[in-house]
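Below: upload.tsv (TSV, C-alpha atoms)
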chain	number	residue	atom	x	y	z
N	1	MET	CA	-8.29	4.73	39.05
N	2	HIS	CA	-11.13	5.81	41.29
N	3	ASP	CA	-12.86	2.88	43.05
N	4	SER	CA	-16.35	4.09	42.07
N	5	PHE	CA	-15.63	3.83	38.35
N	6	GLN	CA	-17.60	1.09	36.63
N	7	PRO	CA	-16.34	-0.70	33.51
N	8	LEU	CA	-17.17	1.24	30.37
N	9	ARG	CA	-17.90	0.10	26.83
N	10	VAL	CA	-16.25	2.71	24.64
N	11	LEU	CA	-16.28	3.32	20.91
N	12	HIS	CA	-13.48	5.49	19.48
N	13	ILE	CA	-14.16	7.08	16.08
N	14	ILE	CA	-11.11	8.30	14.16
N	15	ALA	CA	-10.26	8.83	10.49
N	16	SER	CA	-7.42	6.30	10.48
N	17	VAL	CA	-5.33	4.13	12.79
N	18	ARG	CA	-2.44	4.06	10.33
N	19	LYS	CA	0.69	4.83	12.36
N	20	GLU	CA	1.84	7.33	9.74
N	21	SER	CA	-1.21	9.48	10.51
N	22	GLY	CA	0.61	11.11	13.41
N	23	GLY	CA	0.34	11.78	17.13
N	24	PRO	CA	-3.38	11.16	17.77
N	25	VAL	CA	-3.00	7.52	16.71
N	26	GLU	CA	-0.06	7.00	19.06
N	27	GLY	CA	-1.95	8.69	21.90
N	28	LEU	CA	-5.00	6.51	21.24
N	29	THR	CA	-2.87	3.37	21.13
N	30	GLN	CA	-1.35	4.02	24.55
N	31	SER	CA	-4.72	5.01	26.05
N	32	VAL	CA	-6.44	1.87	24.76
N	33	ILE	CA	-3.75	-0.45	26.13
N	34	TYR	CA	-3.91	1.11	29.58
N	35	ARG	CA	-7.70	1.39	29.84
N	36	GLN	CA	-8.16	-2.19	28.68
N	37	SER	CA	-6.00	-3.26	31.61
N	38	LEU	CA	-8.55	-1.53	33.87
N	39	GLY	CA	-11.44	-3.51	32.43
N	40	GLN	CA	-12.82	-1.11	29.85
N	41	TYR	CA	-14.13	-2.66	26.64
N	42	ILE	CA	-12.92	-0.64	23.67
N	43	GLU	CA	-13.42	-0.77	19.92
N	44	VAL	CA	-12.33	1.62	17.19
N	45	LEU	CA	-14.27	2.68	14.09
N	46	THR	CA	-12.34	4.21	11.18
N	47	LEU	CA	-12.58	5.31	7.57
N	48	ASP	CA	-9.74	2.93	6.71
N	49	PRO	CA	-10.28	0.17	4.13
N	50	TYR	CA	-12.08	-2.72	5.80
N	51	ASN	CA	-9.35	-5.16	4.79
N	52	ALA	CA	-6.26	-3.05	5.57
N	53	ASP	CA	-3.54	-5.15	7.19
N	54	PHE	CA	-2.61	-2.46	9.70
N	55	LEU	CA	-6.03	-2.70	11.36
N	56	ASN	CA	-4.86	-5.98	12.88
N	57	GLU	CA	-1.81	-4.28	14.42
N	58	PHE	CA	-3.94	-2.13	16.70
N	59	PRO	CA	-4.35	-3.31	20.34
N	60	CYS	CA	-8.15	-3.66	20.16
N	61	LYS	CA	-10.80	-4.55	17.60
N	62	VAL	CA	-10.89	-2.07	14.71
N	63	THR	CA	-13.59	-1.83	12.05
N	64	GLY	CA	-12.83	0.02	8.85
N	65	VAL	CA	-15.82	1.19	6.81
N	66	GLY	CA	-13.68	2.15	3.82
N	67	PRO	CA	-12.28	2.46	1.34
N	68	THR	CA	-13.52	6.04	1.13
N	69	PRO	CA	-12.61	9.02	-1.07
N	70	LYS	CA	-9.39	10.71	-0.01
N	71	LYS	CA	-9.39	13.93	2.01
N	72	TYR	CA	-12.88	14.17	3.55
N	73	GLY	CA	-13.69	10.46	3.34
N	74	TYR	CA	-17.47	10.48	3.04
N	75	THR	CA	-19.33	7.20	3.39
N	76	PRO	CA	-22.86	6.53	4.72
N	77	LYS	CA	-21.52	3.30	6.21
N	78	LEU	CA	-20.02	5.12	9.20
N	79	LYS	CA	-23.34	6.46	10.49
N	80	GLU	CA	-25.09	3.19	9.68
N	81	TRP	CA	-22.52	1.14	11.60
N	82	ILE	CA	-22.91	3.28	14.73
N	83	VAL	CA	-26.71	2.97	14.64
N	84	ASP	CA	-26.54	-0.79	14.04
N	85	ASN	CA	-24.02	-1.44	16.83
N	86	VAL	CA	-24.97	1.14	19.47
N	87	ASP	CA	-26.26	-1.46	21.97
N	88	ARG	CA	-22.68	-2.63	22.52
N	89	PHE	CA	-21.44	0.75	23.77
N	90	ASP	CA	-22.06	3.20	26.60
N	91	VAL	CA	-20.22	6.20	25.17
N	92	ALA	CA	-18.04	7.29	22.25
N	93	VAL	CA	-14.94	9.40	21.62
N	94	ILE	CA	-14.67	11.31	18.34
N	95	HIS	CA	-11.17	12.30	17.25
N	96	GLY	CA	-10.37	15.31	15.09
N	97	LEU	CA	-12.19	17.69	12.75
N	98	TRP	CA	-12.56	18.34	9.03
N	99	ASN	CA	-13.23	14.77	7.96
N	100	HIS	CA	-16.19	12.41	7.87
N	101	ALA	CA	-15.06	10.50	10.95
N	102	SER	CA	-15.93	13.64	12.90
N	103	VAL	CA	-19.08	14.72	11.07
N	104	GLY	CA	-20.43	11.23	10.34
N	105	GLY	CA	-19.46	10.15	13.84
N	106	TRP	CA	-21.50	13.00	15.34
N	107	GLN	CA	-24.46	12.22	13.10
N	108	GLY	CA	-24.37	8.54	13.95
N	109	CYS	CA	-24.03	9.14	17.69
N	110	VAL	CA	-26.92	11.62	17.77
N	111	LYS	CA	-29.21	9.32	15.78
N	112	ALA	CA	-28.28	6.36	18.00
N	113	ASN	CA	-28.53	8.38	21.23
N	114	LEU	CA	-24.91	7.51	22.04
N	115	PRO	CA	-23.27	10.29	24.12
N	116	TYR	CA	-19.77	11.30	23.13
N	117	VAL	CA	-16.80	13.54	23.83
N	118	LEU	CA	-14.68	15.07	21.08
N	119	PHE	CA	-10.92	15.71	20.84
N	120	THR	CA	-10.05	18.55	18.44
N	121	HIS	CA	-6.37	17.48	18.35
N	122	GLY	CA	-5.19	21.01	17.60
N	123	MET	CA	-7.30	21.43	14.49
N	124	MET	CA	-8.69	24.78	15.66
N	125	ASP	CA	-5.29	26.41	16.10
N	126	PRO	CA	-5.08	29.97	14.66
N	127	TRP	CA	-1.78	29.10	12.94
N	128	PHE	CA	-3.74	27.39	10.18
N	129	LYS	CA	-5.76	30.57	9.65
N	130	LYS	CA	-2.55	32.54	9.17
N	131	ALA	CA	-0.76	29.91	7.07
N	132	TYR	CA	-3.71	28.93	4.87
N	133	PRO	CA	-6.20	31.85	4.84
N	134	LEU	CA	-8.24	30.52	1.90
N	135	LYS	CA	-8.59	27.10	3.51
N	136	HIS	CA	-9.63	28.80	6.73
N	137	TRP	CA	-12.55	30.57	5.06
N	138	LEU	CA	-13.61	27.33	3.41
N	139	LYS	CA	-13.52	25.71	6.84
N	140	GLN	CA	-15.62	28.55	8.24
N	141	LEU	CA	-18.24	27.75	5.61
N	142	PHE	CA	-17.95	24.06	6.44
N	143	TRP	CA	-18.40	24.96	10.14
N	144	ILE	CA	-22.14	24.88	9.45
N	145	ILE	CA	-21.69	21.09	9.26
N	146	GLN	CA	-18.68	20.65	11.55
N	147	GLY	CA	-19.76	22.99	14.35
N	148	PRO	CA	-22.72	20.89	15.56
N	149	ALA	CA	-20.33	18.01	16.27
N	150	LEU	CA	-18.79	20.19	18.97
N	151	LYS	CA	-22.09	21.67	20.12
N	152	HIS	CA	-23.65	18.26	20.80
N	153	ALA	CA	-20.58	16.76	22.50
N	154	SER	CA	-20.79	16.23	26.24
N	155	GLU	CA	-17.40	17.92	26.36
N	156	VAL	CA	-14.89	19.10	23.78
N	157	LEU	CA	-11.50	17.98	25.05
N	158	PHE	CA	-8.27	19.96	24.78
N	159	THR	CA	-4.89	18.57	25.77
N	160	SER	CA	-3.49	21.78	27.27
N	161	GLU	CA	-4.68	25.16	28.52
N	162	GLU	CA	-2.72	26.72	25.67
N	163	GLU	CA	-4.63	24.73	23.05
N	164	LYS	CA	-7.96	25.65	24.63
N	165	LYS	CA	-7.07	29.34	24.78
N	166	LEU	CA	-5.83	29.48	21.18
N	167	SER	CA	-8.99	27.81	19.84
N	168	GLN	CA	-11.30	30.49	21.21
N	169	GLY	CA	-12.86	32.65	18.52
N	170	VAL	CA	-11.12	30.94	15.59
N	171	PHE	CA	-14.50	29.78	14.25
N	172	TRP	CA	-17.83	31.39	15.09
N	173	GLY	CA	-21.38	30.11	15.09
N	174	PHE	CA	-21.62	27.35	17.70
N	175	LYS	CA	-20.93	27.21	21.43
N	176	TYR	CA	-19.51	24.13	23.08
N	177	ASN	CA	-18.45	22.83	26.49
N	178	ALA	CA	-14.63	22.98	26.61
N	179	LYS	CA	-12.55	20.87	28.98
N	180	VAL	CA	-8.78	20.44	29.41
N	181	VAL	CA	-7.64	16.88	30.09
N	182	SER	CA	-4.26	15.26	30.55
N	183	TYR	CA	-2.68	13.70	27.51
N	184	ALA	CA	0.17	11.27	27.36
N	185	ALA	CA	2.94	9.40	25.65
N	186	GLY	CA	3.70	5.79	26.42
N	187	GLU	CA	6.33	4.82	28.95
N	188	ALA	CA	9.86	4.28	27.67
N	189	ILE	CA	10.67	0.72	26.63
N	190	THR	CA	13.97	-1.11	26.62
N	191	PRO	CA	14.99	-2.01	23.07
N	192	SER	CA	16.15	-5.52	22.31
N	193	HIS	CA	19.62	-6.36	21.05
N	194	GLU	CA	18.11	-6.94	17.61
N	195	ALA	CA	16.52	-3.48	17.63
N	196	LYS	CA	19.84	-1.89	18.55
N	197	ASN	CA	21.51	-3.72	15.67
N	198	THR	CA	18.74	-2.59	13.34
N	199	ILE	CA	19.16	1.06	14.20
N	200	ASN	CA	22.93	0.72	13.87
N	201	GLN	CA	22.36	-0.51	10.32
N	202	ILE	CA	19.80	2.19	9.50
N	203	LEU	CA	22.09	4.91	10.89
N	204	LYS	CA	25.40	3.33	9.94
N	205	ASP	CA	26.75	6.68	8.74
N	206	VAL	CA	26.18	8.09	12.22
N	207	ALA	CA	28.16	5.28	13.91
N	208	GLU	CA	29.13	6.44	17.40
N	209	LYS	CA	28.86	10.14	16.64
N	210	PRO	CA	26.55	12.29	18.83
N	211	TYR	CA	23.24	13.24	17.27
N	212	LEU	CA	20.16	15.33	17.85
N	213	LEU	CA	16.88	13.59	17.06
N	214	TYR	CA	13.91	14.99	15.15
N	215	LEU	CA	11.10	12.42	15.16
N	216	SER	CA	7.83	13.51	13.60
N	217	ARG	CA	6.16	13.84	10.22
N	218	ILE	CA	8.30	15.52	7.58
N	219	HIS	CA	5.97	18.45	6.94
N	220	GLU	CA	6.28	22.20	6.49
N	221	LYS	CA	4.21	22.77	9.65
N	222	LYS	CA	6.97	21.12	11.65
N	223	GLY	CA	9.57	23.80	10.89
N	224	CYS	CA	11.98	21.29	9.35
N	225	ASP	CA	13.55	23.96	7.13
N	226	LEU	CA	14.20	26.19	10.17
N	227	LEU	CA	15.95	23.33	11.91
N	228	ILE	CA	18.17	22.47	8.94
N	229	LYS	CA	19.14	26.12	8.36
N	230	ALA	CA	19.95	26.56	12.05
N	231	PHE	CA	21.90	23.30	12.21
N	232	ALA	CA	24.05	24.46	9.31
N	233	LYS	CA	25.10	27.51	11.34
N	234	LEU	CA	26.39	25.49	14.29
N	235	ASP	CA	30.16	25.41	14.33
N	236	LYS	CA	31.15	24.16	17.79
N	237	ARG	CA	31.09	20.40	17.09
N	238	LYS	CA	31.51	19.42	13.47
N	239	ASN	CA	30.88	15.76	14.32
N	240	LEU	CA	27.38	16.49	15.69
N	241	GLN	CA	24.73	14.82	13.50
N	242	LEU	CA	21.04	15.49	12.91
N	243	VAL	CA	18.65	12.54	12.50
N	244	MET	CA	15.39	13.52	10.74
N	245	ALA	CA	13.15	10.51	11.40
N	246	GLY	CA	9.55	10.35	10.23
N	247	PRO	CA	7.25	9.71	7.29
N	248	CYS	CA	6.68	12.14	4.43
N	249	HIS	CA	3.49	12.01	2.36
N	250	ASP	CA	4.66	14.22	-0.52
N	251	ASP	CA	7.91	15.44	-2.10
N	252	TYR	CA	8.70	17.93	0.67
N	253	ILE	CA	11.52	15.69	1.87
N	254	ILE	CA	13.26	16.18	-1.48
N	255	THR	CA	13.15	19.95	-0.96
N	256	LEU	CA	14.68	19.55	2.49
N	257	GLN	CA	17.38	17.18	1.30
N	258	LYS	CA	18.34	19.67	-1.40
N	259	LEU	CA	18.43	22.40	1.24
N	260	ALA	CA	20.85	20.34	3.34
N	261	LEU	CA	22.98	19.73	0.25
N	262	ASP	CA	23.06	23.42	-0.68
N	263	LEU	CA	24.07	24.30	2.89
N	264	GLY	CA	26.92	21.79	2.81
N	265	ILE	CA	25.61	19.55	5.62
N	266	SER	CA	24.01	16.67	3.70
N	267	ASP	CA	26.62	14.26	5.11
N	268	ARG	CA	25.53	15.19	8.65
N	269	VAL	CA	21.73	15.04	8.17
N	270	HIS	CA	20.18	11.56	8.06
N	271	TRP	CA	16.71	10.42	6.91
N	272	PRO	CA	15.82	6.95	8.26
N	273	GLY	CA	12.07	7.27	7.57
N	274	MET	CA	9.39	6.30	10.07
N	275	LEU	CA	10.59	4.33	13.10
N	276	LYS	CA	8.37	2.15	15.26
N	277	GLY	CA	8.44	0.10	18.45
N	278	GLU	CA	11.80	-1.04	19.77
N	279	VAL	CA	13.67	0.49	16.85
N	280	LYS	CA	12.22	3.88	17.78
N	281	ALA	CA	13.19	3.21	21.40
N	282	ALA	CA	16.75	2.46	20.31
N	283	VAL	CA	17.07	5.73	18.39
N	284	PHE	CA	15.64	7.67	21.37
N	285	ASN	CA	18.11	6.00	23.74
N	286	LYS	CA	21.15	6.90	21.65
N	287	ALA	CA	20.10	10.49	20.97
N	288	GLU	CA	21.81	13.31	22.81
N	289	ALA	CA	18.63	15.43	22.83
N	290	PHE	CA	15.33	15.79	20.98
N	291	VAL	CA	14.53	18.77	18.73
N	292	LEU	CA	11.26	20.03	17.22
N	293	THR	CA	11.06	23.63	16.02
N	294	SER	CA	7.45	23.34	14.87
N	295	HIS	CA	5.15	26.17	13.81
N	296	GLN	CA	2.17	24.51	15.50
N	297	GLU	CA	1.58	21.54	17.82
N	298	ASN	CA	-1.51	21.18	19.95
N	299	PHE	CA	0.40	18.78	22.20
N	300	GLY	CA	3.49	17.30	20.56
N	301	ILE	CA	3.33	13.65	21.53
N	302	ALA	CA	6.86	13.03	20.26
N	303	VAL	CA	8.03	15.68	22.72
N	304	ALA	CA	6.37	13.81	25.58
N	305	GLU	CA	7.89	10.56	24.29
N	306	ALA	CA	11.32	12.13	24.41
N	307	LEU	CA	10.71	13.20	28.01
N	308	ALA	CA	9.77	9.62	28.87
N	309	TYR	CA	13.20	8.54	27.62
N	310	GLY	CA	14.87	11.22	29.72
N	311	LYS	CA	15.88	13.35	26.76
N	312	ALA	CA	16.09	17.12	26.96
N	313	VAL	CA	13.81	18.74	24.39
N	314	LEU	CA	14.85	21.69	22.22
N	315	ILE	CA	11.58	23.14	20.97
N	316	SER	CA	9.69	26.15	19.68
N	317	ASP	CA	7.18	28.08	21.75
N	318	GLN	CA	4.45	27.02	19.32
N	319	ILE	CA	4.29	23.57	20.92
N	320	ASN	CA	1.44	23.94	23.36
N	321	ILE	CA	3.14	22.14	26.25
N	322	TRP	CA	6.15	24.45	26.15
N	323	ARG	CA	5.18	26.07	29.46
N	324	GLU	CA	5.32	22.71	31.25
N	325	ILE	CA	8.69	22.03	29.61
N	326	GLU	CA	10.13	25.36	30.67
N	327	LYS	CA	8.69	25.16	34.18
N	328	GLY	CA	10.19	21.70	34.69
N	329	GLY	CA	13.61	22.68	33.36
N	330	ALA	CA	13.22	19.85	30.85
N	331	GLY	CA	14.36	21.68	27.74
N	332	ILE	CA	15.08	24.90	25.90
N	333	VAL	CA	12.36	27.01	24.24
N	334	ALA	CA	12.53	29.76	21.61
N	335	PRO	CA	10.35	31.21	18.81
N	336	ASP	CA	9.61	29.29	15.59
N	337	THR	CA	12.14	31.17	13.43
N	338	VAL	CA	15.60	30.36	12.11
N	339	ASP	CA	17.08	32.54	14.85
N	340	GLY	CA	14.92	30.80	17.44
N	341	ALA	CA	15.98	27.36	16.21
N	342	LEU	CA	19.61	28.46	16.24
N	343	SER	CA	19.15	29.79	19.76
N	344	VAL	CA	17.95	26.46	21.20
N	345	LEU	CA	20.75	24.58	19.44
N	346	GLN	CA	23.46	27.02	20.55
N	347	ARG	CA	22.25	27.10	24.13
N	348	TRP	CA	22.40	23.31	24.21
N	349	GLU	CA	25.88	23.33	22.69
N	350	ASN	CA	27.10	25.84	25.27
N	351	MET	CA	25.97	23.74	28.23
N	352	THR	CA	28.44	21.59	30.15
N	353	ASN	CA	28.02	17.82	30.25
N	354	VAL	CA	26.84	18.11	33.85
N	355	GLU	CA	24.22	20.71	32.90
N	356	LYS	CA	23.04	18.54	30.01
N	357	GLN	CA	22.63	15.57	32.33
N	358	GLN	CA	20.72	17.68	34.83
N	359	MET	CA	18.32	18.78	32.09
N	360	SER	CA	17.91	15.18	30.95
N	361	ASN	CA	17.04	14.16	34.51
N	362	ALA	CA	14.53	17.01	34.67
N	363	ALA	CA	12.99	15.77	31.42
N	364	ARG	CA	12.19	12.42	32.97
N	365	ARG	CA	10.71	14.09	36.07
N	366	THR	CA	8.58	16.35	33.88
N	367	TYR	CA	7.17	13.32	32.07
N	368	LEU	CA	6.26	11.60	35.34
N	369	GLU	CA	4.63	14.73	36.73
N	370	ASN	CA	2.63	15.69	33.64
N	371	PHE	CA	2.35	13.20	30.80
N	372	THR	CA	1.86	9.63	32.02
N	373	VAL	CA	-0.69	7.32	30.42
N	374	GLN	CA	-2.30	6.74	33.81
N	375	ALA	CA	-3.09	10.43	34.33
N	376	ALA	CA	-4.48	10.78	30.81
N	377	ALA	CA	-6.59	7.63	31.12
N	378	GLU	CA	-8.08	8.79	34.40
N	379	ASP	CA	-9.00	12.21	32.99
N	380	LEU	CA	-10.60	10.67	29.91
N	381	THR	CA	-12.49	8.13	32.00
N	382	VAL	CA	-13.96	10.90	34.15
N	383	ALA	CA	-15.14	12.67	30.99
N	384	LEU	CA	-16.62	9.42	29.65
N	385	GLN	CA	-18.45	8.66	32.88
N	386	LYS	CA	-19.90	12.18	32.82
N	387	ALA	CA	-21.04	11.71	29.22
N	388	LYS	CA	-22.55	8.32	29.99
N	389	ALA	CA	-24.56	9.87	32.82
N	390	THR	CA	-26.20	12.25	30.37
N	391	ARG	CA	-27.56	9.27	28.46
N	392	SER	CA	-29.09	7.69	31.55
N	393	ILE	CA	-31.08	10.83	32.38
N	394	GLN	CA	-32.42	11.49	28.86

Could you quickly redo this structure as structure tokens?
Amino acid sequence: MHDSFQPLRVLHIIASVRKESGGPVEGLTQSVIYRQSLGQYIEVLTLDPYNADFLNEFPCKVTGVGPTPKKYGYTPKLKEWIVDNVDRFDVAVIHGLWNHASVGGWQGCVKANLPYVLFTHGMMDPWFKKAYPLKHWLKQLFWIIQGPALKHASEVLFTSEEEKKLSQGVFWGFKYNAKVVSYAAGEAITPSHEAKNTINQILKDVAEKPYLLYLSRIHEKKGCDLLIKAFAKLDKRKNLQLVMAGPCHDDYIITLQKLALDLGISDRVHWPGMLKGEVKAAVFNKAEAFVLTSHQENFGIAVAEALAYGKAVLISDQINIWREIEKGGAGIVAPDTVDGALSVLQRWENMTNVEKQQMSNAARRTYLENFTVQAAAEDLTVALQKAKATRSIQ
């Protein structure tokens, strides 16, 4: 970290810190831990219920102003809390769009004269416009309220050049100051003996068989159906397994399990649910490679996590860090179709053990060169210092 940086007092505003919420929470967790070690004071403000147990699991103080209505999560308490507590902070970070953490966070920061930066976390990707055209037009109407949150931000932060480029022109009506910053996954950890035993119990049907690991939300956006259909067409190693790890917030998992059954591979596809901490580390360590054939990922933090564990990544070209993956020789990339998913799987299957190990080594190098927590924390700190400076001159 640059010697001229002074300690910052930072407020992060995000809809939820529930682990099941997805990548932004994991990214925030790792960033908070590292920046606290550098002397930054950090708190988090959320729409979560004020008494939720999981608030205490986060590595810094978290205040929930909920419970709030589902979906948008409106509550006047968010804005009020920011105004009442502004003297304890120099700058804020708003995470995401299309919920009251973003809109209410902007309103509170402006009223309190607290400068802020805003992460869109992929929520302006044109894929959503194509996949959900009616929702897109509703969002365009809502942009009258959401757009000013970007306009008034010191900088709107994107986690890759691809994400920034794709966001341009998706919504019209407000200009904003765009900036690409590094983003990160946490460093690999060594699982305990107990964690290894736990994963052996969870995946007892896998035993010592080789497996490919999917680790993300079970959601249609993630291309899970493409992956299962492609996996069913592989015929080189009949003992190869597929582990589909992650939470599901609706009955989509039932549809996928039926698909696997209809394709005759239900005995080779495993659903351990969401994995955390050392248990997640254990499943990463034992995996042969990581696979995510998603239709849209602004970053893909699970992909970066896999790289940290030295695992080759078999991914679609709709994951916005695919260029870094391909450039580093860290994985195999193809379109987000059944044929594309089959292509990445077959190309992996056709590699020799030596070639697979070389790609795994390249995965680790790619992580160190592009996706470390240190690099992401330094980029964010620069953006926060710049935002803080705007307050001092107002």

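Contact shell of N:Leu114 at 6 Å (all atoms listed in the file; same-chain neighbours under 2 positions omitted): N:Val91, N:Cys109, N:Ala112.
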
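Computed from the coordinates, the atom CA of N:Ala52 to atom CA of N:Gly64 distance equals 8.0 Å.
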
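Between atom CA of N:Pro69 and atom CA of N:Trp81 there is a distance of 17.9 Å.
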
I'd like the neighbourhood of N:Arg365 as a PDB file with C-alpha atoms, keeping the file's coordinate frame, where a residue qualifies if any of its atoms comes within 10 Å (using only C-alpha atoms), though same-chain residues fewer than 3 positions away should be ignored.
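What follows is the written file selection-v1.pdb:
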ATOM      1  CA  LEU N 307      10.710  13.200  28.010  1.00  0.00           C
ATOM      2  CA  ALA N 308       9.770   9.620  28.870  1.00  0.00           C
ATOM      3  CA  GLY N 310      14.870  11.220  29.720  1.00  0.00           C
ATOM      4  CA  GLY N 328      10.190  21.700  34.690  1.00  0.00           C
ATOM      5  CA  GLY N 329      13.610  22.680  33.360  1.00  0.00           C
ATOM      6  CA  ALA N 330      13.220  19.850  30.850  1.00  0.00           C
ATOM      7  CA  MET N 359      18.320  18.780  32.090  1.00  0.00           C
ATOM      8  CA  SER N 360      17.910  15.180  30.950  1.00  0.00           C
ATOM      9  CA  ASN N 361      17.040  14.160  34.510  1.00  0.00           C
ATOM     10  CA  ALA N 362      14.530  17.010  34.670  1.00  0.00           C
ATOM     11  CA  LEU N 368       6.260  11.600  35.340  1.00  0.00           C
ATOM     12  CA  GLU N 369       4.630  14.730  36.730  1.00  0.00           C
ATOM     13  CA  ASN N 370       2.630  15.690  33.640  1.00  0.00           C
ATOM     14  CA  PHE N 371       2.350  13.200  30.800  1.00  0.00           C
TER      15      PHE N 371
END

Selection near stretch 27-38 of chain N, 9 Å with all atoms listed in the file, sequence-local residues under 4 positions removed, as a ChimeraX atom specification: /N:1,7,12,17,23,42-43,58-60,183-187,301,373-374,376-378,381

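Here the question is which of N:Leu45, N:Ala101, N:Met244, N:Val110 gets nearest to N:Tyr72 using all atoms listed in the file, and that residue is N:Ala101.
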
Test item: residues at most 9 Å from N:Ser343, only C-alpha atoms, excluding those fewer than 5 positions along its chain, as a ChimeraX atom specification: /N:230,332-335,338,348

Write out, as a CSV table (one decimal), in the coordinates of the input, the residues just selected, with C-alpha atoms.
chain,number,residue,atom,x,y,z
N,230,ALA,CA,20.0,26.6,12.0
N,332,ILE,CA,15.1,24.9,25.9
N,333,VAL,CA,12.4,27.0,24.2
N,334,ALA,CA,12.5,29.8,21.6
N,335,PRO,CA,10.4,31.2,18.8
N,338,VAL,CA,15.6,30.4,12.1
N,348,TRP,CA,22.4,23.3,24.2

All residues 6 Å or closer to stretch 209-211 of chain N, only C-alpha atoms, same chain fewer than 6 positions away omitted, as a VMD selection string: chain N and resid 240 to 242 287 to 288

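The spacing separating atom CA of N:Gln40 from atom CA of N:Tyr176 amounts to 27.0 Å.
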
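Of the listed residues N:Asn350, N:Asn239, N:Phe128, N:Ala306, the one whose atoms come nearest to N:Glu208 is N:Asn239, with distances taken using all atoms listed in the file.
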
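Using only C-alpha atoms, the shortest contact distance between N:Ile14 and any of N:Asn85, N:Thr190, N:Asn99, N:Asn56 is found at N:Asn99.
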
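Proximity to N:Ile265 was assessed for N:Tyr41, N:Val344, N:Phe231, N:Asp87 counting only C-alpha atoms; the smallest distance is recorded for N:Phe231.
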
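With distances taken over all atoms listed in the file, N:Tyr309 is the one residue among N:Tyr74, N:Trp143, N:Tyr309, N:Phe119 lying closest to N:Lys280.
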
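With all atoms listed in the file as the atoms that count, the minimum distance from N:Asp125 to the choices N:His295, N:Arg88, N:Arg268, N:Lys61 is reached by N:His295.
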
Point (-4.9, 9.2, 9.1), cut-off 12 Å, counting only C-alpha atoms, residues as a PyMOL selection string: chain N and resi 13-26+46-49+54+70-73+95-101+249

Keeping only C-alpha atoms, write the selected residues to a file as a PDB file, keeping the file's coordinate frame.
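As a result, out_12.pdb now contains:
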ATOM      1  CA  ILE N  13     -14.160   7.080  16.080  1.00  0.00           C
ATOM      2  CA  ILE N  14     -11.110   8.300  14.160  1.00  0.00           C
ATOM      3  CA  ALA N  15     -10.260   8.830  10.490  1.00  0.00           C
ATOM      4  CA  SER N  16      -7.420   6.300  10.480  1.00  0.00           C
ATOM      5  CA  VAL N  17      -5.330   4.130  12.790  1.00  0.00           C
ATOM      6  CA  ARG N  18      -2.440   4.060  10.330  1.00  0.00           C
ATOM      7  CA  LYS N  19       0.690   4.830  12.360  1.00  0.00           C
ATOM      8  CA  GLU N  20       1.840   7.330   9.740  1.00  0.00           C
ATOM      9  CA  SER N  21      -1.210   9.480  10.510  1.00  0.00           C
ATOM     10  CA  GLY N  22       0.610  11.110  13.410  1.00  0.00           C
ATOM     11  CA  GLY N  23       0.340  11.780  17.130  1.00  0.00           C
ATOM     12  CA  PRO N  24      -3.380  11.160  17.770  1.00  0.00           C
ATOM     13  CA  VAL N  25      -3.000   7.520  16.710  1.00  0.00           C
ATOM     14  CA  GLU N  26      -0.060   7.000  19.060  1.00  0.00           C
ATOM     15  CA  THR N  46     -12.340   4.210  11.180  1.00  0.00           C
ATOM     16  CA  LEU N  47     -12.580   5.310   7.570  1.00  0.00           C
ATOM     17  CA  ASP N  48      -9.740   2.930   6.710  1.00  0.00           C
ATOM     18  CA  PRO N  49     -10.280   0.170   4.130  1.00  0.00           C
ATOM     19  CA  PHE N  54      -2.610  -2.460   9.700  1.00  0.00           C
ATOM     20  CA  LYS N  70      -9.390  10.710  -0.010  1.00  0.00           C
ATOM     21  CA  LYS N  71      -9.390  13.930   2.010  1.00  0.00           C
ATOM     22  CA  TYR N  72     -12.880  14.170   3.550  1.00  0.00           C
ATOM     23  CA  GLY N  73     -13.690  10.460   3.340  1.00  0.00           C
ATOM     24  CA  HIS N  95     -11.170  12.300  17.250  1.00  0.00           C
ATOM     25  CA  GLY N  96     -10.370  15.310  15.090  1.00  0.00           C
ATOM     26  CA  LEU N  97     -12.190  17.690  12.750  1.00  0.00           C
ATOM     27  CA  TRP N  98     -12.560  18.340   9.030  1.00  0.00           C
ATOM     28  CA  ASN N  99     -13.230  14.770   7.960  1.00  0.00           C
ATOM     29  CA  HIS N 100     -16.190  12.410   7.870  1.00  0.00           C
ATOM     30  CA  ALA N 101     -15.060  10.500  10.950  1.00  0.00           C
ATOM     31  CA  HIS N 249       3.490  12.010   2.360  1.00  0.00           C
TER      32      HIS N 249
END

Determine, for each residue of stretch 117-159 of chain N having at least one atom at most 10 Å from an atom of stretch 165-173 of chain N, the closest pair of atoms and their separation in Å to one decimal, counting all atoms listed in the file; order by chain and ascending number, as CSV.
residue,atom,partner,partner_atom,distance
N:Thr120,CA,N:Ser167,CA,9.4
N:Gly122,CA,N:Ser167,CA,8.1
N:Met123,CA,N:Ser167,CA,8.5
N:Met124,CA,N:Ser167,CA,5.2
N:Asp125,CA,N:Ser167,CA,5.4
N:Pro126,CA,N:Val170,CA,6.2
N:Trp127,CA,N:Leu166,CA,9.2
N:Phe128,CA,N:Val170,CA,9.8
N:Lys129,CA,N:Val170,CA,8.0
N:His136,CA,N:Phe171,CA,9.0
N:Trp137,CA,N:Phe171,CA,9.4
N:Lys139,CA,N:Phe171,CA,8.5
N:Gln140,CA,N:Phe171,CA,6.2
N:Leu141,CA,N:Phe171,CA,9.6
N:Trp143,CA,N:Phe171,CA,7.4
N:Ile144,CA,N:Gly173,CA,7.7
N:Gly147,CA,N:Gly173,CA,7.3
N:Pro148,CA,N:Gly173,CA,9.3
N:Lys151,CA,N:Gly173,CA,9.9
N:Phe158,CA,N:Ser167,CA,9.3
